[in-house]
Amino acid sequence: MNKKDQYAALWAQLSALMDGTPEPLPNMANLSALIFQNVDRLNWAGFYINTGAELLLGPFQGKPACIRIPFDRGVCGAAVREDRTQLVPDVHQFPGHIACDGASRSELVVPVRAGGRIVAVLDLDSPEAARFDQDDQAGMEALARILGEMCDWTSLI
Ligand code: SME
């Protein structure tokens with residue numbers, strides 16, 4: 001299966017899993033598991049929630065990770081600050097990168113938007129340099145879009 005078809009399948013699986021559930025937490029938990037089980041060469045897949053003051057660790061799969069990320073730090077902070085996806089082929093070259101798992105070599109961080117603001121970020125790490133390409137970015141952005149639009153984010157934190 002090529003990447004576009006694989007992401008289309010994930011999109012359909014996520015829609016089925018959500019099944020009208022509006023609460024963000026179970027949907028973030030299932031999406032991190034769905035990605036981690038189906039997308040190869042990952043060592044971490046999960047969420048940081050935007051509390052308005054910082055990014056707070058949410059549901060994820062992988063090794064335990066740092067709990068709080070200030071907006072001025074990390075690849076995750078940059079995604080919020082710059083209001084756009086961060087595709088980082090080599091995390092060692094990214095100023096301010098936070099190494100939660102020393103095995104991580106490349107990273108993709110996608111904002112999850114709802115009602116015109118970033119409510120969370122979807123963070124993917126890989127032990128392989130340059131693991132992520134434009135198809136991964138488009139595919140993950142589509143998954144983040146469904147999650148953002150289908151959930152009620154008003155009572156998350
Ligand atoms: N590397 C991220 C921190 C989170 S971990 O990858 C799970 C960053 O620099 O923001």
# chains A, B, ... in the order shown; residues from 1 in each chain; ligands from 1

$ residues_around --residues "range 38-47 of chain A" --least-positions-apart "2" --cutoff "6 Å" --atoms "only C-alpha atoms" --output "ChimeraX atom specification"
/A:32,35-36,58-62,121-126

$ write_last_selection --atoms "C-alpha atoms" --output "PDB file, in the first residue's frame"
ATOM      1  CA  SER A  32      -1.925   7.830  19.161  1.00  0.00           C
ATOM      2  CA  ILE A  35      -0.708   5.732  14.471  1.00  0.00           C
ATOM      3  CA  PHE A  36       1.848   3.851  16.597  1.00  0.00           C
ATOM      4  CA  GLY A  58      -1.379  14.196  26.733  1.00  0.00           C
ATOM      5  CA  PRO A  59      -2.122  10.632  25.564  1.00  0.00           C
ATOM      6  CA  PHE A  60       0.786   8.964  23.777  1.00  0.00           C
ATOM      7  CA  GLN A  61       2.550   5.720  22.854  1.00  0.00           C
ATOM      8  CA  GLY A  62       6.268   5.287  23.433  1.00  0.00           C
ATOM      9  CA  VAL A 121      -0.069  19.313  18.856  1.00  0.00           C
ATOM     10  CA  LEU A 122       0.391  15.838  17.404  1.00  0.00           C
ATOM     11  CA  ASP A 123       4.041  14.819  17.840  1.00  0.00           C
ATOM     12  CA  LEU A 124       5.705  11.958  15.930  1.00  0.00           C
ATOM     13  CA  ASP A 125       9.293  10.859  16.552  1.00  0.00           C
ATOM     14  CA  SER A 126      11.401   8.429  14.551  1.00  0.00           C
TER      15      SER A 126
END

$ residues_around --residues "range 135-144 of chain A" --least-positions-apart "2" --cutoff "12 Å" --atoms "only C-alpha atoms" --output "PyMOL selection string"
chain A and resi 2-15+18+24+27-28+30-32+34-35+39-40+45-47+84-88+107-114+118-124+130-133+146-151

$ residues_near_ligand --ligand "ligand 1" --cutoff "6 Å" --atoms "only C-alpha atoms and all ligand atoms" --output "ChimeraX atom specification"
/A:65,74-77,97-100,125

$ write_last_selection --atoms "N, CA and C atoms" --output "compact mmCIF listing (two decimals), in the first residue's frame"
# COMPACT_ATOMS: atom_id res chain seq x y z
N ALA A 65 7.63 10.67 28.63
CA ALA A 65 8.15 11.90 28.02
C ALA A 65 8.05 13.07 28.99
N GLY A 74 11.63 23.65 22.16
CA GLY A 74 11.31 22.41 21.49
C GLY A 74 10.67 22.57 20.12
N VAL A 75 10.58 21.46 19.45
CA VAL A 75 9.91 21.43 18.15
C VAL A 75 8.42 21.69 18.36
N CYS A 76 7.89 21.14 19.48
CA CYS A 76 6.46 21.33 19.78
C CYS A 76 6.16 22.81 20.03
N GLY A 77 7.01 23.48 20.81
CA GLY A 77 6.80 24.91 21.07
C GLY A 77 6.82 25.71 19.77
N HIS A 97 15.68 21.75 20.46
CA HIS A 97 15.01 20.44 20.47
C HIS A 97 15.11 19.81 21.86
N ILE A 98 14.01 19.20 22.32
CA ILE A 98 13.99 18.54 23.63
C ILE A 98 14.05 17.03 23.38
N ALA A 99 15.12 16.42 23.88
CA ALA A 99 15.31 14.98 23.64
C ALA A 99 14.65 14.17 24.76
N CYS A 100 13.40 13.79 24.56
CA CYS A 100 12.71 12.95 25.54
C CYS A 100 13.21 11.52 25.43
N ASP A 125 7.83 10.97 16.54
CA ASP A 125 9.29 10.86 16.55
C ASP A 125 9.70 9.57 15.86

$ select_by_dssp --residues "range 1-153 of chain A" --states "alpha helix (DSSP H)" --output "CSV table (one decimal) with all heavy atoms, in the first residue's frame"
chain,number,residue,atom,x,y,z
A,3,LYS,N,1.8,5.3,0.5
A,3,LYS,CA,1.5,6.2,1.7
A,3,LYS,C,0.2,6.9,1.7
A,3,LYS,O,-0.5,7.0,2.7
A,3,LYS,CB,2.6,7.2,1.9
A,3,LYS,CG,3.8,6.8,2.7
A,3,LYS,CD,4.6,8.0,3.0
A,3,LYS,CE,5.9,7.5,3.7
A,3,LYS,NZ,6.8,8.5,4.0
A,4,LYS,N,-0.2,7.4,0.5
A,4,LYS,CA,-1.5,8.1,0.4
A,4,LYS,C,-2.6,7.2,0.8
A,4,LYS,O,-3.6,7.5,1.5
A,4,LYS,CB,-1.7,8.7,-1.0
A,4,LYS,CG,-0.8,9.9,-1.2
A,4,LYS,CD,-1.1,10.7,-2.4
A,4,LYS,CE,-0.3,12.0,-2.4
A,4,LYS,NZ,0.6,12.1,-3.6
A,5,ASP,N,-2.6,5.9,0.2
A,5,ASP,CA,-3.6,4.9,0.6
A,5,ASP,C,-3.6,4.6,2.0
A,5,ASP,O,-4.7,4.4,2.7
A,5,ASP,CB,-3.5,3.7,-0.3
A,5,ASP,CG,-3.8,3.9,-1.7
A,5,ASP,OD1,-4.4,5.0,-2.0
A,5,ASP,OD2,-3.4,3.1,-2.6
A,6,GLN,N,-2.4,4.5,2.6
A,6,GLN,CA,-2.3,4.1,4.0
A,6,GLN,C,-2.9,5.2,4.9
A,6,GLN,O,-3.7,4.9,5.8
A,6,GLN,CB,-0.8,3.9,4.4
A,6,GLN,CG,-0.7,3.3,5.8
A,6,GLN,CD,0.8,3.4,6.3
A,6,GLN,OE1,1.7,4.0,5.7
A,6,GLN,NE2,1.0,2.7,7.4
A,7,TYR,N,-2.6,6.5,4.5
A,7,TYR,CA,-3.2,7.5,5.3
A,7,TYR,C,-4.7,7.6,5.1
A,7,TYR,O,-5.5,8.0,6.1
A,7,TYR,CB,-2.5,8.9,5.1
A,7,TYR,CG,-1.2,9.0,5.8
A,7,TYR,CD1,0.0,8.9,5.2
A,7,TYR,CD2,-1.2,9.1,7.2
A,7,TYR,CE1,1.2,9.0,5.9
A,7,TYR,CE2,-0.1,9.2,7.9
A,7,TYR,CZ,1.2,9.2,7.3
A,7,TYR,OH,2.3,9.2,8.0
A,8,ALA,N,-5.2,7.3,3.9
A,8,ALA,CA,-6.7,7.3,3.7
A,8,ALA,C,-7.3,6.3,4.5
A,8,ALA,O,-8.4,6.5,5.1
A,8,ALA,CB,-6.9,7.1,2.2
A,9,ALA,N,-6.6,5.1,4.7
A,9,ALA,CA,-7.2,4.0,5.5
A,9,ALA,C,-7.2,4.4,7.0
A,9,ALA,O,-8.2,4.2,7.7
A,9,ALA,CB,-6.3,2.7,5.4
A,10,LEU,N,-6.1,5.1,7.4
A,10,LEU,CA,-6.1,5.6,8.8
A,10,LEU,C,-7.2,6.6,9.1
A,10,LEU,O,-7.8,6.7,10.1
A,10,LEU,CB,-4.7,6.2,9.1
A,10,LEU,CG,-3.6,5.3,9.3
A,10,LEU,CD1,-2.3,6.0,9.5
A,10,LEU,CD2,-3.8,4.3,10.4
A,11,TRP,N,-7.4,7.5,8.1
A,11,TRP,CA,-8.5,8.5,8.2
A,11,TRP,C,-9.8,7.8,8.4
A,11,TRP,O,-10.6,8.2,9.3
A,11,TRP,CB,-8.5,9.3,6.9
A,11,TRP,CG,-9.2,10.6,6.9
A,11,TRP,CD1,-8.6,11.8,7.1
A,11,TRP,CD2,-10.6,10.8,6.6
A,11,TRP,NE1,-9.6,12.8,7.1
A,11,TRP,CE2,-10.8,12.2,6.8
A,11,TRP,CE3,-11.7,10.0,6.3
A,11,TRP,CZ2,-12.0,12.8,6.6
A,11,TRP,CZ3,-12.9,10.6,6.2
A,11,TRP,CH2,-13.1,12.0,6.3
A,12,ALA,N,-10.1,6.8,7.6
A,12,ALA,CA,-11.4,6.0,7.7
A,12,ALA,C,-11.5,5.3,9.1
A,12,ALA,O,-12.5,5.3,9.7
A,12,ALA,CB,-11.5,5.0,6.6
A,13,GLN,N,-10.3,4.8,9.5
A,13,GLN,CA,-10.3,4.1,10.8
A,13,GLN,C,-10.6,5.0,12.0
A,13,GLN,O,-11.3,4.7,12.9
A,13,GLN,CB,-9.0,3.3,11.0
A,13,GLN,CG,-8.9,2.0,10.3
A,13,GLN,CD,-7.5,1.4,10.5
A,13,GLN,OE1,-6.6,1.8,9.8
A,13,GLN,NE2,-7.4,0.5,11.4
A,14,LEU,N,-9.9,6.2,11.9
A,14,LEU,CA,-10.1,7.2,13.0
A,14,LEU,C,-11.6,7.6,13.0
A,14,LEU,O,-12.2,7.7,14.1
A,14,LEU,CB,-9.2,8.4,12.7
A,14,LEU,CG,-9.4,9.6,13.7
A,14,LEU,CD1,-9.1,9.1,15.2
A,14,LEU,CD2,-8.6,10.8,13.4
A,15,SER,N,-12.2,7.9,11.9
A,15,SER,CA,-13.6,8.3,11.8
A,15,SER,C,-14.5,7.3,12.5
A,15,SER,O,-15.4,7.6,13.2
A,15,SER,CB,-14.0,8.6,10.4
A,15,SER,OG,-13.2,9.6,9.8
A,16,ALA,N,-14.2,6.0,12.1
A,16,ALA,CA,-15.0,4.9,12.7
A,16,ALA,C,-14.8,4.8,14.2
A,16,ALA,O,-15.7,4.6,15.0
A,16,ALA,CB,-14.6,3.6,12.0
A,17,LEU,N,-13.5,4.9,14.6
A,17,LEU,CA,-13.2,4.8,16.1
A,17,LEU,C,-13.9,5.9,16.9
A,17,LEU,O,-14.4,5.7,18.0
A,17,LEU,CB,-11.7,4.9,16.3
A,17,LEU,CG,-10.9,3.6,16.2
A,17,LEU,CD1,-9.4,3.9,16.2
A,17,LEU,CD2,-11.3,2.6,17.3
A,18,MET,N,-13.9,7.1,16.3
A,18,MET,CA,-14.5,8.3,17.0
A,18,MET,C,-16.0,8.1,17.2
A,18,MET,O,-16.5,8.4,18.3
A,18,MET,CB,-14.1,9.6,16.3
A,18,MET,CG,-12.7,9.9,16.4
A,18,MET,SD,-12.2,11.5,15.6
A,18,MET,CE,-12.9,12.6,16.7
A,24,PRO,N,-12.2,14.8,23.8
A,24,PRO,CA,-10.9,14.8,23.2
A,24,PRO,C,-10.0,13.7,23.7
A,24,PRO,O,-9.3,13.0,23.0
A,24,PRO,CB,-10.3,16.1,23.5
A,24,PRO,CG,-11.4,17.0,23.8
A,24,PRO,CD,-12.4,16.2,24.4
A,25,LEU,N,-10.0,13.4,25.1
A,25,LEU,CA,-9.0,12.5,25.6
A,25,LEU,C,-9.1,11.1,25.0
A,25,LEU,O,-8.0,10.6,24.6
A,25,LEU,CB,-9.2,12.4,27.2
A,25,LEU,CG,-8.3,13.4,27.9
A,25,LEU,CD1,-8.6,13.3,29.4
A,25,LEU,CD2,-6.9,13.3,27.6
A,26,PRO,N,-10.2,10.4,25.0
A,26,PRO,CA,-10.3,9.1,24.4
A,26,PRO,C,-9.9,9.1,22.9
A,26,PRO,O,-9.3,8.1,22.4
A,26,PRO,CB,-11.7,8.6,24.6
A,26,PRO,CG,-12.5,9.8,25.0
A,26,PRO,CD,-11.5,10.8,25.6
A,27,ASN,N,-10.3,10.1,22.3
A,27,ASN,CA,-10.0,10.2,20.8
A,27,ASN,C,-8.5,10.4,20.6
A,27,ASN,O,-7.9,9.8,19.7
A,27,ASN,CB,-10.8,11.3,20.2
A,27,ASN,CG,-12.2,10.9,20.0
A,27,ASN,OD1,-12.5,9.7,19.8
A,27,ASN,ND2,-13.2,11.8,20.3
A,28,MET,N,-7.8,11.2,21.4
A,28,MET,CA,-6.4,11.4,21.3
A,28,MET,C,-5.7,10.1,21.7
A,28,MET,O,-4.7,9.7,21.0
A,28,MET,CB,-5.9,12.5,22.3
A,28,MET,CG,-6.2,13.9,21.8
A,28,MET,SD,-5.3,15.2,22.7
A,28,MET,CE,-6.3,15.2,24.2
A,29,ALA,N,-6.2,9.4,22.7
A,29,ALA,CA,-5.6,8.1,23.1
A,29,ALA,C,-5.7,7.1,21.9
A,29,ALA,O,-4.7,6.4,21.6
A,29,ALA,CB,-6.3,7.6,24.3
A,30,ASN,N,-6.9,7.0,21.4
A,30,ASN,CA,-7.0,6.0,20.3
A,30,ASN,C,-6.2,6.4,19.0
A,30,ASN,O,-5.6,5.6,18.3
A,30,ASN,CB,-8.5,5.9,19.9
A,30,ASN,CG,-9.2,4.8,20.6
A,30,ASN,OD1,-8.5,3.9,21.1
A,30,ASN,ND2,-10.5,4.8,20.6
A,31,LEU,N,-6.1,7.7,18.7
A,31,LEU,CA,-5.4,8.1,17.5
A,31,LEU,C,-3.9,7.9,17.8
A,31,LEU,O,-3.2,7.4,16.8
A,31,LEU,CB,-5.6,9.6,17.2
A,31,LEU,CG,-4.9,10.1,16.0
A,31,LEU,CD1,-5.1,9.2,14.7
A,31,LEU,CD2,-5.3,11.6,15.7
A,32,SER,N,-3.4,8.1,19.0
A,32,SER,CA,-1.9,7.8,19.2
A,32,SER,C,-1.7,6.3,19.0
A,32,SER,O,-0.7,5.9,18.4
A,32,SER,CB,-1.4,8.4,20.5
A,32,SER,OG,-2.1,7.8,21.6
A,33,ALA,N,-2.6,5.5,19.5
A,33,ALA,CA,-2.4,4.0,19.4
A,33,ALA,C,-2.5,3.6,17.9
A,33,ALA,O,-1.7,2.8,17.4
A,33,ALA,CB,-3.4,3.3,20.2
A,34,LEU,N,-3.5,4.2,17.2
A,34,LEU,CA,-3.7,3.9,15.8
A,34,LEU,C,-2.5,4.2,15.0
A,34,LEU,O,-2.0,3.4,14.1
A,34,LEU,CB,-4.9,4.7,15.3
A,34,LEU,CG,-5.5,4.4,13.9
A,34,LEU,CD1,-6.1,3.0,13.9
A,34,LEU,CD2,-6.5,5.4,13.5
A,35,ILE,N,-1.9,5.3,15.2
A,35,ILE,CA,-0.7,5.7,14.5
A,35,ILE,C,0.5,4.8,14.8
A,35,ILE,O,1.2,4.3,14.0
A,35,ILE,CB,-0.4,7.2,14.8
A,35,ILE,CG1,-1.4,8.1,14.1
A,35,ILE,CG2,1.0,7.5,14.2
A,35,ILE,CD1,-1.3,9.6,14.5
A,36,PHE,N,0.7,4.6,16.1
A,36,PHE,CA,1.8,3.9,16.6
A,36,PHE,C,1.8,2.4,16.1
A,36,PHE,O,2.8,1.8,15.8
A,36,PHE,CB,1.9,3.9,18.1
A,36,PHE,CG,3.3,3.7,18.7
A,36,PHE,CD1,4.3,4.5,18.4
A,36,PHE,CD2,3.6,2.5,19.4
A,36,PHE,CE1,5.6,4.3,18.9
A,36,PHE,CE2,4.8,2.3,20.0
A,36,PHE,CZ,5.9,3.2,19.7
A,37,GLN,N,0.6,1.8,16.0
A,37,GLN,CA,0.5,0.5,15.6
A,37,GLN,C,0.6,0.3,14.0
A,37,GLN,O,0.9,-0.8,13.6
A,37,GLN,CB,-0.9,-0.1,16.0
A,37,GLN,CG,-1.1,-0.2,17.5
A,37,GLN,CD,-0.2,-1.3,18.1
A,37,GLN,OE1,0.1,-2.3,17.5
A,37,GLN,NE2,0.4,-1.0,19.3
A,38,ASN,N,0.3,1.4,13.3
A,38,ASN,CA,0.1,1.2,11.9
A,38,ASN,C,1.2,2.0,11.0
A,38,ASN,O,1.3,1.7,9.8
A,38,ASN,CB,-1.2,1.7,11.4
A,38,ASN,CG,-2.3,0.7,11.8
A,38,ASN,OD1,-2.5,-0.3,11.3
A,38,ASN,ND2,-3.1,1.1,12.9
A,74,GLY,N,11.6,23.7,22.2
A,74,GLY,CA,11.3,22.4,21.5
A,74,GLY,C,10.7,22.6,20.1
A,74,GLY,O,10.3,23.7,19.7
A,75,VAL,N,10.6,21.5,19.4
A,75,VAL,CA,9.9,21.4,18.1
A,75,VAL,C,8.4,21.7,18.4
A,75,VAL,O,7.8,22.4,17.6
A,75,VAL,CB,10.1,20.1,17.5
A,75,VAL,CG1,9.5,20.1,16.1
A,75,VAL,CG2,11.6,19.7,17.4
A,76,CYS,N,7.9,21.1,19.5
A,76,CYS,CA,6.5,21.3,19.8
A,76,CYS,C,6.2,22.8,20.0
A,76,CYS,O,5.2,23.3,19.5
A,76,CYS,CB,6.1,20.5,21.0
A,76,CYS,SG,6.2,18.7,20.7
A,77,GLY,N,7.0,23.5,20.8
A,77,GLY,CA,6.8,24.9,21.1
A,77,GLY,C,6.8,25.7,19.8
A,77,GLY,O,6.0,26.6,19.6
A,78,ALA,N,7.7,25.3,18.9
A,78,ALA,CA,7.9,26.1,17.6
A,78,ALA,C,6.6,25.9,16.8
A,78,ALA,O,6.2,26.8,16.1
A,78,ALA,CB,9.1,25.5,16.8
A,79,ALA,N,6.0,24.7,16.8
A,79,ALA,CA,4.7,24.5,16.0
A,79,ALA,C,3.6,25.5,16.5
A,79,ALA,O,2.9,26.0,15.6
A,79,ALA,CB,4.3,23.1,16.2
A,80,VAL,N,3.6,25.7,17.8
A,80,VAL,CA,2.5,26.7,18.3
A,80,VAL,C,2.9,28.1,18.0
A,80,VAL,O,2.2,28.9,17.4
A,80,VAL,CB,2.3,26.5,19.8
A,80,VAL,CG1,1.3,27.5,20.3
A,80,VAL,CG2,1.9,25.1,20.1
A,81,ARG,N,4.2,28.4,18.3
A,81,ARG,CA,4.7,29.8,18.1
A,81,ARG,C,4.6,30.2,16.6
A,81,ARG,O,4.1,31.3,16.3
A,81,ARG,CB,6.2,29.8,18.5
A,81,ARG,CG,6.6,31.0,19.2
A,81,ARG,CD,8.0,30.8,19.9
A,81,ARG,NE,9.0,30.3,19.0
A,81,ARG,CZ,9.7,29.1,19.2
A,81,ARG,NH1,9.4,28.4,20.2
A,81,ARG,NH2,10.6,28.7,18.4
A,134,GLN,N,6.6,14.8,2.7
A,134,GLN,CA,5.4,15.6,2.5
A,134,GLN,C,4.2,14.8,2.6
A,134,GLN,O,3.1,15.3,3.0
A,134,GLN,CB,5.5,16.3,1.1
A,134,GLN,CG,6.7,17.3,1.0
A,134,GLN,CD,6.7,18.4,2.0
A,134,GLN,OE1,5.6,18.9,2.4
A,134,GLN,NE2,7.9,18.7,2.5
A,135,ASP,N,4.2,13.6,2.2
A,135,ASP,CA,3.0,12.7,2.3
A,135,ASP,C,2.7,12.4,3.7
A,135,ASP,O,1.5,12.4,4.1
A,135,ASP,CB,3.2,11.4,1.5
A,135,ASP,CG,3.2,11.5,0.0
A,135,ASP,OD1,2.7,12.5,-0.5
A,135,ASP,OD2,3.7,10.6,-0.7
A,136,ASP,N,3.7,12.2,4.6
A,136,ASP,CA,3.4,12.0,6.0
A,136,ASP,C,2.9,13.3,6.6
A,136,ASP,O,1.9,13.3,7.4
A,136,ASP,CB,4.7,11.7,6.7
A,136,ASP,CG,5.3,10.3,6.3
A,136,ASP,OD1,4.6,9.3,6.5
A,136,ASP,OD2,6.4,10.3,5.8
A,137,GLN,N,3.4,14.4,6.2
A,137,GLN,CA,2.9,15.7,6.7
A,137,GLN,C,1.4,15.9,6.3
A,137,GLN,O,0.6,16.2,7.2
A,137,GLN,CB,3.7,16.9,6.1
A,137,GLN,CG,3.2,18.2,6.6
A,137,GLN,CD,4.1,19.4,6.3
A,137,GLN,OE1,5.3,19.3,6.0
A,137,GLN,NE2,3.5,20.6,6.4
A,138,ALA,N,1.1,15.7,5.0
A,138,ALA,CA,-0.3,15.9,4.6
A,138,ALA,C,-1.2,14.8,5.3
A,138,ALA,O,-2.3,15.2,5.7
A,138,ALA,CB,-0.4,15.7,3.1
A,139,GLY,N,-0.7,13.6,5.4
A,139,GLY,CA,-1.5,12.6,6.1
A,139,GLY,C,-1.8,12.9,7.5
A,139,GLY,O,-2.9,12.7,8.0
A,140,MET,N,-0.8,13.3,8.2
A,140,MET,CA,-0.9,13.6,9.7
A,140,MET,C,-1.8,14.8,9.8
A,140,MET,O,-2.6,14.9,10.8
A,140,MET,CB,0.4,13.7,10.4
A,140,MET,CG,1.2,12.4,10.4
A,140,MET,SD,0.4,11.2,11.4
A,140,MET,CE,1.6,9.8,11.2
A,141,GLU,N,-1.6,15.8,9.0
A,141,GLU,CA,-2.4,17.0,9.0
A,141,GLU,C,-3.9,16.7,8.8
A,141,GLU,O,-4.8,17.3,9.5
A,141,GLU,CB,-1.9,18.1,8.0
A,141,GLU,CG,-0.6,18.7,8.5
A,141,GLU,CD,0.0,19.7,7.5
A,141,GLU,OE1,-0.5,19.7,6.3
A,141,GLU,OE2,0.9,20.5,7.8
A,142,ALA,N,-4.2,15.8,8.0
A,142,ALA,CA,-5.6,15.4,7.7
A,142,ALA,C,-6.2,14.7,9.0
A,142,ALA,O,-7.3,15.0,9.4
A,142,ALA,CB,-5.7,14.4,6.5
A,143,LEU,N,-5.4,13.8,9.6
A,143,LEU,CA,-5.8,13.2,10.9
A,143,LEU,C,-6.0,14.2,12.0
A,143,LEU,O,-7.1,14.2,12.7
A,143,LEU,CB,-4.8,12.1,11.3
A,143,LEU,CG,-4.6,10.9,10.4
A,143,LEU,CD1,-3.4,10.1,10.8
A,143,LEU,CD2,-5.9,10.0,10.4
A,144,ALA,N,-5.1,15.2,12.1
A,144,ALA,CA,-5.3,16.2,13.1
A,144,ALA,C,-6.5,17.1,12.8
A,144,ALA,O,-7.1,17.6,13.8
A,144,ALA,CB,-4.0,17.1,13.1
A,145,ARG,N,-6.8,17.3,11.6
A,145,ARG,CA,-8.0,18.1,11.2
A,145,ARG,C,-9.3,17.4,11.6
A,145,ARG,O,-10.1,18.1,12.2
A,145,ARG,CB,-8.0,18.3,9.7
A,145,ARG,CG,-8.7,19.6,9.2
A,145,ARG,CD,-8.5,19.9,7.8
A,145,ARG,NE,-7.1,19.9,7.4
A,145,ARG,CZ,-6.5,19.2,6.4
A,145,ARG,NH1,-7.2,18.3,5.7
A,145,ARG,NH2,-5.3,19.3,6.1
A,146,ILE,N,-9.4,16.1,11.4
A,146,ILE,CA,-10.6,15.4,11.8
A,146,ILE,C,-10.7,15.5,13.4
A,146,ILE,O,-11.8,15.8,13.9
A,146,ILE,CB,-10.6,13.9,11.6
A,146,ILE,CG1,-10.1,13.5,10.2
A,146,ILE,CG2,-12.0,13.3,11.9
A,146,ILE,CD1,-10.1,12.0,10.0
A,147,LEU,N,-9.6,15.2,14.1
A,147,LEU,CA,-9.6,15.2,15.5
A,147,LEU,C,-10.1,16.6,16.0
A,147,LEU,O,-10.9,16.8,16.9
A,147,LEU,CB,-8.3,14.9,16.1
A,147,LEU,CG,-8.2,14.8,17.6
A,147,LEU,CD1,-8.8,13.4,18.0
A,147,LEU,CD2,-6.7,14.9,18.0
A,148,GLY,N,-9.4,17.7,15.4
A,148,GLY,CA,-9.7,19.0,15.9
A,148,GLY,C,-11.2,19.4,15.7
A,148,GLY,O,-11.9,20.0,16.5
A,149,GLU,N,-11.7,19.0,14.5
A,149,GLU,CA,-13.0,19.5,14.1
A,149,GLU,C,-14.1,18.6,14.8
A,149,GLU,O,-15.2,19.1,15.0
A,149,GLU,CB,-13.2,19.4,12.6
A,149,GLU,CG,-12.4,20.6,11.9
A,149,GLU,CD,-12.4,20.4,10.4
A,149,GLU,OE1,-13.0,19.5,9.9
A,149,GLU,OE2,-11.7,21.3,9.8
A,150,MET,N,-13.8,17.4,15.1
A,150,MET,CA,-14.9,16.5,15.6
A,150,MET,C,-15.0,16.5,17.1
A,150,MET,O,-16.0,15.9,17.6
A,150,MET,CB,-14.6,15.0,15.1
A,150,MET,CG,-14.5,14.9,13.6
A,150,MET,SD,-16.1,15.0,12.7
A,150,MET,CE,-16.7,13.4,13.0

$ atom_distance --atom1 "CA of Asp72 in chain A" --atom2 "CA of Gly52 in chain A"
13.0 Å

$ atom_distance --atom1 "CA of Ser106 in chain A" --atom2 "CA of His92 in chain A"
8.5 Å

$ decode --residues "range 96-111 of chain A" --atoms "N, CA and C atoms" --output "compact mmCIF listing (two decimals), in the first residue's frame"
# COMPACT_ATOMS: atom_id res chain seq x y z
N GLY A 96 17.10 24.06 20.30
CA GLY A 96 16.07 23.98 21.32
C GLY A 96 15.31 22.67 21.35
N HIS A 97 15.68 21.75 20.46
CA HIS A 97 15.01 20.44 20.47
C HIS A 97 15.11 19.81 21.86
N ILE A 98 14.01 19.20 22.32
CA ILE A 98 13.99 18.54 23.63
C ILE A 98 14.05 17.03 23.38
N ALA A 99 15.12 16.42 23.88
CA ALA A 99 15.31 14.98 23.64
C ALA A 99 14.65 14.17 24.76
N CYS A 100 13.40 13.79 24.56
CA CYS A 100 12.71 12.95 25.54
C CYS A 100 13.21 11.52 25.43
N ASP A 101 13.41 11.07 24.22
CA ASP A 101 13.96 9.74 23.95
C ASP A 101 15.21 9.96 23.10
N GLY A 102 16.36 9.57 23.67
CA GLY A 102 17.63 9.80 22.98
C GLY A 102 17.71 9.13 21.62
N ALA A 103 16.82 8.16 21.37
CA ALA A 103 16.84 7.45 20.08
C ALA A 103 16.26 8.30 18.94
N SER A 104 15.51 9.35 19.27
CA SER A 104 14.83 10.12 18.22
C SER A 104 15.83 10.84 17.32
N ARG A 105 15.63 10.69 16.01
CA ARG A 105 16.50 11.37 15.04
C ARG A 105 15.73 12.37 14.18
N SER A 106 14.45 12.07 13.87
CA SER A 106 13.65 13.03 13.10
C SER A 106 12.28 13.16 13.74
N GLU A 107 11.61 14.25 13.41
CA GLU A 107 10.37 14.56 14.13
C GLU A 107 9.40 15.31 13.21
N LEU A 108 8.10 15.06 13.45
CA LEU A 108 7.04 15.77 12.73
C LEU A 108 6.03 16.23 13.78
N VAL A 109 5.79 17.54 13.86
CA VAL A 109 4.83 18.07 14.83
C VAL A 109 3.76 18.86 14.09
N VAL A 110 2.50 18.44 14.29
CA VAL A 110 1.37 19.00 13.55
C VAL A 110 0.39 19.67 14.52
N PRO A 111 0.06 20.94 14.30
CA PRO A 111 -0.94 21.57 15.16
C PRO A 111 -2.33 20.94 14.98
